[in-house]
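Scroll down for the structure; my scribbles are underneath it.
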Amino acid sequence: MAIQLILASQSPSRRNVLASAGIRALVRVSHVDEPAVLASEAEARGVSVDDLGIGDRVAILARAKASVVADECRQMAEVIRDARGDVVTAYPVKAMRRNEAMRAGTGDMGAGTARHGSDAGSHEVSMMTRDFSGLTIPMTTTALQGSLIEAYGSDAGNDGDDGNAGPLLLGCDSLFAINGRIQGKPHTADVARARLRSMRGRSGELWTGHTLIDLASGRSVSGTSHAVVRFGDYDDADIDDYVATGEPLEIAGSFALEGLGGAFVDGVDGDPHGVLGLSLPLVRRLARDLGVRWSDMWNMRRTPIGGSSSAASGKSPDAPSPSDAAPTVSDIPTVAVAPASAASVSAAPADNVHQPGDGWVDCVCGRRHWGLNGAAGVLLARRDGKGHVTHVVMQHRALWSAEGGTWGIPGGAIADGENAVEGALRESHEEAGISPGDIRVVGAYREDHGPWAYTTIIAFEREGHRVDPVANDDESMNVTWVPVEDVPSLRLLTAFRADWPNFRRRLDDLSGSGSDSGVR
């Protein structure tokens with residue numbers, strides 16, 4: 001099994017560089033305050049920020065970004081180790097098939113039919129979740145520890161004594177300079193035009209810093225690379241046309257070598273991948289220093305032109321592993337689904353971050369579900385001083401998403417190498433700003449369809465902690481605490497609407513006396 005690489009950056013260029021090299025990284029954005037980090041480091045060194053060289057800056061920022069995400073991963077591992085309670089697993093497809101078999105044998109079309117509306121079928125309906133509340137569904141109950149917790153999260157706190165490396169976490173930062181003067185992201189069209197004019201016919205340096213951390217052992221290595229970029233003699237009309245595309249506005253140096261700006265670059269002296277924000281040779285050397293072979297991180301099958309990739313991969317093309325079957329970042333389809341009340345909606349944002357494990361599954365239940373490894377979310381509850389559940393965190397889903405405009409819980413596709421608890425905690429942090437360290441996992445509900453499952457992780461605010469959820473990305477219109485008595489009045493995601501009565505009862509049962517230690 002490939003060693004997982006976690007990329008502490010949402011840069012499409014960096015993701016694409018890794019994908020072209022056979023690595024689909026799991027993205028965990030650091031949200032580092034870069035000026036504050038540089039100011040703190042300068043103060044520690046007894047110098048001003050202006051005295052920090054460009055090579056020092058990218059090294060400092062790459063290390064800071066990697067450290068922040070590493071701390072989040074360790075925090076998540078602690079939450080998973082402390083998780084308590086049971087996972088109740090429901091098998092609605094078994095009930096559906098049993099019911100259909102009974103009807104076929106008796107001609108009885110009576111009670112016990114799943115409520116799924118106009119199944120016959122529009123594109124929108126095919127991606128709606130299902131309401132199985134009309135069926136008698138078989139269920140099992142097992143301990144959460146040892147059932148859902150199987151991937152690296154249960155071992156992430158080990159000290160590496162077993163010799164196993166990984167996951168690896170990569171922090172990156174890049175800066176561009178002309179005549180030693182650092183050029184940040186222009187942000188506005190006027191600044192971009194001025195920058196591009198000053199770069200015309202000249203050369204600049206692009207510096208990239210990397211920090212690579214082995215989460216199993218805690219070992220960390222760092223390095224920097226730089227390249228000289230030589231710009232062509234483009235004219236003002238070229239600049240205006242390029243700026244009008246919007247591409248240079250949020251890019252260090254105001255150009256994208258792999259994009260529309262590549263035509264205005266005459267040459268690169270040094271590592272071209274570093275100019276794209278991720279130096280493959282440097283990262284390979286850093287991985288080697290941690291005892292990891294570069295090929296150990298390959299998790300994508302590449303098909304040579306005019307031939308099969310089976311020989312190169314050493315695997316039969318008839319039985320690819322999930323990682324082998326995963327598409328490249330650019331190949332993953334984005335499907336926009338109209339809410340029931342809307343005639344049309346816009347497509348998902350073009351810069352929407354795709355993770356390894358994203359994709360649609362054609363389920364035996366007759367619907368399509370998101371998540372090649374299944375999906376998971378967090379149902380987070382707040383209790384009062386007496387231990388009574390008063391509120392839950394709810395997410396108002398973006399209109400472009402499946403069943404857009406409805407309310408549910410923050411969650412999404414489980415990434416390659418994650419267990420359901422990890423996936424739920426990561427997704428809730430990304431979408432709703434829920435820090436794993438502020439909550440305690442007390443149970444789970446898993447709806448298992450066979451080829452796909454959705455796992456609802458049930459959690460309470462940790463005693464002495466407070467969660468202030470926020471809509472962190474483009475997948476939400478709002479994320480907020482909702483009084484439990486108001487939940488049924490919301491326009492709910494179909495499956496959540498069916499499950500809410502059971503969730504409410506289970507939350508009340510789990511709340512116990514109101515102390516975390518009382519949860520079993």
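Chain labels run A, B, ... following the order of the structure tokens; each chain numbers its residues from 1, and ligands are numbered from 1 in the order shown.
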
Shell around Thr480 in chain A at 10 Å using only C-alpha atoms, local window under 4 positions removed, as a list in words: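 What passes the distance filter is His391, Val392, Val393, Met394, Gln395, His396, Ala432, Asp468, Pro469, Val470 and Ala471 of chain A.
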
Output N, CA and C atoms of each residue in that selection to a file, as a JSON list (two decimals), in the first residue's frame.
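Final output, saved to selection_8.json:
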```json
[["chain", "number", "residue", "atom", "x", "y", "z"],
["A", 391, "HIS", "N", -28.64, 22.07, 21.29],
["A", 391, "HIS", "CA", -28.37, 22.51, 19.93],
["A", 391, "HIS", "C", -27.54, 21.47, 19.19],
["A", 392, "VAL", "N", -27.62, 21.53, 17.86],
["A", 392, "VAL", "CA", -26.71, 20.75, 17.00],
["A", 392, "VAL", "C", -26.18, 21.67, 15.91],
["A", 393, "VAL", "N", -24.99, 21.38, 15.41],
["A", 393, "VAL", "CA", -24.41, 22.15, 14.31],
["A", 393, "VAL", "C", -25.02, 21.66, 13.00],
["A", 394, "MET", "N", -25.57, 22.59, 12.22],
["A", 394, "MET", "CA", -26.19, 22.26, 10.94],
["A", 394, "MET", "C", -25.54, 23.08, 9.83],
["A", 395, "GLN", "N", -25.47, 22.47, 8.66],
["A", 395, "GLN", "CA", -24.87, 23.09, 7.48],
["A", 395, "GLN", "C", -25.94, 23.33, 6.42],
["A", 396, "HIS", "N", -26.03, 24.58, 5.95],
["A", 396, "HIS", "CA", -26.91, 24.91, 4.84],
["A", 396, "HIS", "C", -26.11, 24.70, 3.57],
["A", 432, "ALA", "N", -16.58, 23.48, 8.36],
["A", 432, "ALA", "CA", -17.27, 24.21, 9.43],
["A", 432, "ALA", "C", -16.34, 24.75, 10.50],
["A", 468, "ASP", "N", -17.36, 27.38, 17.77],
["A", 468, "ASP", "CA", -18.04, 28.44, 17.04],
["A", 468, "ASP", "C", -17.93, 28.12, 15.55],
["A", 469, "PRO", "N", -18.90, 27.39, 15.01],
["A", 469, "PRO", "CA", -18.79, 26.95, 13.61],
["A", 469, "PRO", "C", -18.87, 28.12, 12.64],
["A", 470, "VAL", "N", -18.27, 27.93, 11.48],
["A", 470, "VAL", "CA", -18.26, 28.96, 10.45],
["A", 470, "VAL", "C", -18.24, 28.28, 9.09],
["A", 471, "ALA", "N", -18.89, 28.90, 8.11],
["A", 471, "ALA", "CA", -18.86, 28.36, 6.74],
["A", 471, "ALA", "C", -17.47, 28.62, 6.17]]
```

12 Å contact set for Pro248 in chain A, only C-alpha atoms, chain neighbours under 6 positions out, as a VMD selection string: chain A and resid 184 to 196 239 to 242 254 to 262

Go ahead and write the residues just picked, N, CA and C atoms, as a PDB file, in the first residue's frame.
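To be explicit, this is the file written out as result09.pdb:
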```pdb
ATOM      1  N   GLY A 184       5.041  39.912  -4.098  1.00  0.00           N
ATOM      2  CA  GLY A 184       3.962  39.068  -3.586  1.00  0.00           C
ATOM      3  C   GLY A 184       2.837  38.927  -4.597  1.00  0.00           C
ATOM      4  N   LYS A 185       1.728  38.382  -4.153  1.00  0.00           N
ATOM      5  CA  LYS A 185       0.561  38.272  -5.031  1.00  0.00           C
ATOM      6  C   LYS A 185      -0.001  39.673  -5.276  1.00  0.00           C
ATOM      7  N   PRO A 186      -0.289  40.024  -6.522  1.00  0.00           N
ATOM      8  CA  PRO A 186      -0.724  41.399  -6.813  1.00  0.00           C
ATOM      9  C   PRO A 186      -2.125  41.726  -6.296  1.00  0.00           C
ATOM     10  N   HIS A 187      -3.035  40.758  -6.331  1.00  0.00           N
ATOM     11  CA  HIS A 187      -4.414  40.899  -5.846  1.00  0.00           C
ATOM     12  C   HIS A 187      -5.291  41.809  -6.721  1.00  0.00           C
ATOM     13  N   THR A 188      -4.733  42.874  -7.276  1.00  0.00           N
ATOM     14  CA  THR A 188      -5.535  43.775  -8.118  1.00  0.00           C
ATOM     15  C   THR A 188      -4.956  43.826  -9.528  1.00  0.00           C
ATOM     16  N   ALA A 189      -5.810  44.205 -10.487  1.00  0.00           N
ATOM     17  CA  ALA A 189      -5.386  44.273 -11.886  1.00  0.00           C
ATOM     18  C   ALA A 189      -4.313  45.339 -12.095  1.00  0.00           C
ATOM     19  N   ASP A 190      -4.446  46.491 -11.427  1.00  0.00           N
ATOM     20  CA  ASP A 190      -3.472  47.568 -11.614  1.00  0.00           C
ATOM     21  C   ASP A 190      -2.084  47.142 -11.144  1.00  0.00           C
ATOM     22  N   VAL A 191      -2.024  46.497  -9.986  1.00  0.00           N
ATOM     23  CA  VAL A 191      -0.723  46.039  -9.471  1.00  0.00           C
ATOM     24  C   VAL A 191      -0.146  44.971 -10.389  1.00  0.00           C
ATOM     25  N   ALA A 192      -1.000  44.074 -10.884  1.00  0.00           N
ATOM     26  CA  ALA A 192      -0.525  43.017 -11.785  1.00  0.00           C
ATOM     27  C   ALA A 192       0.064  43.618 -13.060  1.00  0.00           C
ATOM     28  N   ARG A 193      -0.596  44.627 -13.627  1.00  0.00           N
ATOM     29  CA  ARG A 193      -0.077  45.265 -14.844  1.00  0.00           C
ATOM     30  C   ARG A 193       1.296  45.885 -14.587  1.00  0.00           C
ATOM     31  N   ALA A 194       1.399  46.600 -13.470  1.00  0.00           N
ATOM     32  CA  ALA A 194       2.672  47.252 -13.153  1.00  0.00           C
ATOM     33  C   ALA A 194       3.777  46.215 -12.958  1.00  0.00           C
ATOM     34  N   ARG A 195       3.457  45.121 -12.286  1.00  0.00           N
ATOM     35  CA  ARG A 195       4.453  44.068 -12.059  1.00  0.00           C
ATOM     36  C   ARG A 195       4.906  43.459 -13.378  1.00  0.00           C
ATOM     37  N   LEU A 196       3.952  43.128 -14.234  1.00  0.00           N
ATOM     38  CA  LEU A 196       4.286  42.474 -15.502  1.00  0.00           C
ATOM     39  C   LEU A 196       5.105  43.397 -16.410  1.00  0.00           C
ATOM     40  N   ILE A 239      -0.145  42.212 -21.930  1.00  0.00           N
ATOM     41  CA  ILE A 239      -0.344  42.347 -20.486  1.00  0.00           C
ATOM     42  C   ILE A 239      -1.823  42.539 -20.171  1.00  0.00           C
ATOM     43  N   ASP A 240      -2.473  43.451 -20.914  1.00  0.00           N
ATOM     44  CA  ASP A 240      -3.893  43.710 -20.664  1.00  0.00           C
ATOM     45  C   ASP A 240      -4.728  42.446 -20.874  1.00  0.00           C
ATOM     46  N   ASP A 241      -4.426  41.724 -21.939  1.00  0.00           N
ATOM     47  CA  ASP A 241      -5.180  40.497 -22.214  1.00  0.00           C
ATOM     48  C   ASP A 241      -4.965  39.465 -21.107  1.00  0.00           C
ATOM     49  N   TYR A 242      -3.730  39.338 -20.654  1.00  0.00           N
ATOM     50  CA  TYR A 242      -3.414  38.348 -19.617  1.00  0.00           C
ATOM     51  C   TYR A 242      -4.062  38.724 -18.290  1.00  0.00           C
ATOM     52  N   SER A 254       3.045  37.027 -10.215  1.00  0.00           N
ATOM     53  CA  SER A 254       2.067  37.501 -11.204  1.00  0.00           C
ATOM     54  C   SER A 254       2.076  36.726 -12.511  1.00  0.00           C
ATOM     55  N   PHE A 255       2.560  35.475 -12.487  1.00  0.00           N
ATOM     56  CA  PHE A 255       2.509  34.669 -13.706  1.00  0.00           C
ATOM     57  C   PHE A 255       2.372  33.202 -13.314  1.00  0.00           C
ATOM     58  N   ALA A 256       1.772  32.424 -14.213  1.00  0.00           N
ATOM     59  CA  ALA A 256       1.640  30.980 -14.020  1.00  0.00           C
ATOM     60  C   ALA A 256       2.355  30.290 -15.170  1.00  0.00           C
ATOM     61  N   LEU A 257       3.474  29.644 -14.866  1.00  0.00           N
ATOM     62  CA  LEU A 257       4.264  28.994 -15.907  1.00  0.00           C
ATOM     63  C   LEU A 257       3.470  27.913 -16.622  1.00  0.00           C
ATOM     64  N   GLU A 258       2.606  27.203 -15.866  1.00  0.00           N
ATOM     65  CA  GLU A 258       1.849  26.100 -16.446  1.00  0.00           C
ATOM     66  C   GLU A 258       0.532  26.556 -17.055  1.00  0.00           C
ATOM     67  N   GLY A 259       0.255  27.855 -16.973  1.00  0.00           N
ATOM     68  CA  GLY A 259      -1.018  28.373 -17.449  1.00  0.00           C
ATOM     69  C   GLY A 259      -0.851  29.298 -18.640  1.00  0.00           C
ATOM     70  N   LEU A 260      -1.729  30.293 -18.706  1.00  0.00           N
ATOM     71  CA  LEU A 260      -1.700  31.240 -19.820  1.00  0.00           C
ATOM     72  C   LEU A 260      -0.424  32.066 -19.834  1.00  0.00           C
ATOM     73  N   GLY A 261       0.174  32.240 -18.650  1.00  0.00           N
ATOM     74  CA  GLY A 261       1.392  33.043 -18.572  1.00  0.00           C
ATOM     75  C   GLY A 261       2.625  32.352 -19.095  1.00  0.00           C
ATOM     76  N   GLY A 262       2.547  31.042 -19.340  1.00  0.00           N
ATOM     77  CA  GLY A 262       3.717  30.307 -19.808  1.00  0.00           C
ATOM     78  C   GLY A 262       4.260  30.814 -21.128  1.00  0.00           C
TER      79      GLY A 262
END
```

Distance of CA of Thr208 in chain A from CA of Arg63 in chain A, expressed in Å to one decimal place: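 A separation of 11.7 Å between them.
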
All residues 6 Å or closer to range 425-428 of chain A, only C-alpha atoms, same chain fewer than 5 positions away omitted, as a VMD selection string: chain A and resid 410 to 412 434

Residue nearest Lys386 in chain A among A:Leu490, A:Gly512, A:Asp474, A:Pro167 (counting only C-alpha atoms):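 Residue with the minimum atom-to-atom distance to Lys386 in chain A: A:Gly512.
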
Polymer residues at most 10 Å from range 33-43 of chain A, only C-alpha atoms, same-chain spacing of 2 or more positions, as number ranges by chain: A: 30-31, 45-52, 56-58, 60-62, 64-65

Surrounding residues of Leu170 in chain A excluding itself and chain neighbours under 4 positions, 10 Å, only C-alpha atoms, as a list of chain:residue names: A:Leu5, A:Ile6, A:Leu7, A:Ala8, A:Ser9, A:Ala25, A:Val27, A:Arg28, A:Ala62, A:Arg63, A:Lys65, A:Ala66, A:Ser67, A:Val69, A:Ala70, A:His210, A:Thr211, A:Leu212, A:Ile213, A:Asp214, A:Ser220, A:Val221, A:Ser222, A:Leu278, A:Val283, A:Leu286, A:Ala287

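Nearest residue to Asn419 in chain A, choosing from A:Gly253, A:Gly374, A:Gly405, A:Gly22 and counting only C-alpha atoms: A:Gly374.
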
Nearby residues (only C-alpha atoms) at most 7 Å from range 288-297 of chain A, same-chain spacing under 6 positions excluded, as a list of chain:residue names: A:Ala2, A:Ile3, A:Gln4, A:Leu5, A:Ile23

Strand (DSSP E) per DSSP on the backbone: members of range 10-259 of chain A, as a VMD selection string: chain A and resid 26 to 27 86 to 90 139 to 143 168 to 178 181 to 183 203 to 214 220 to 231
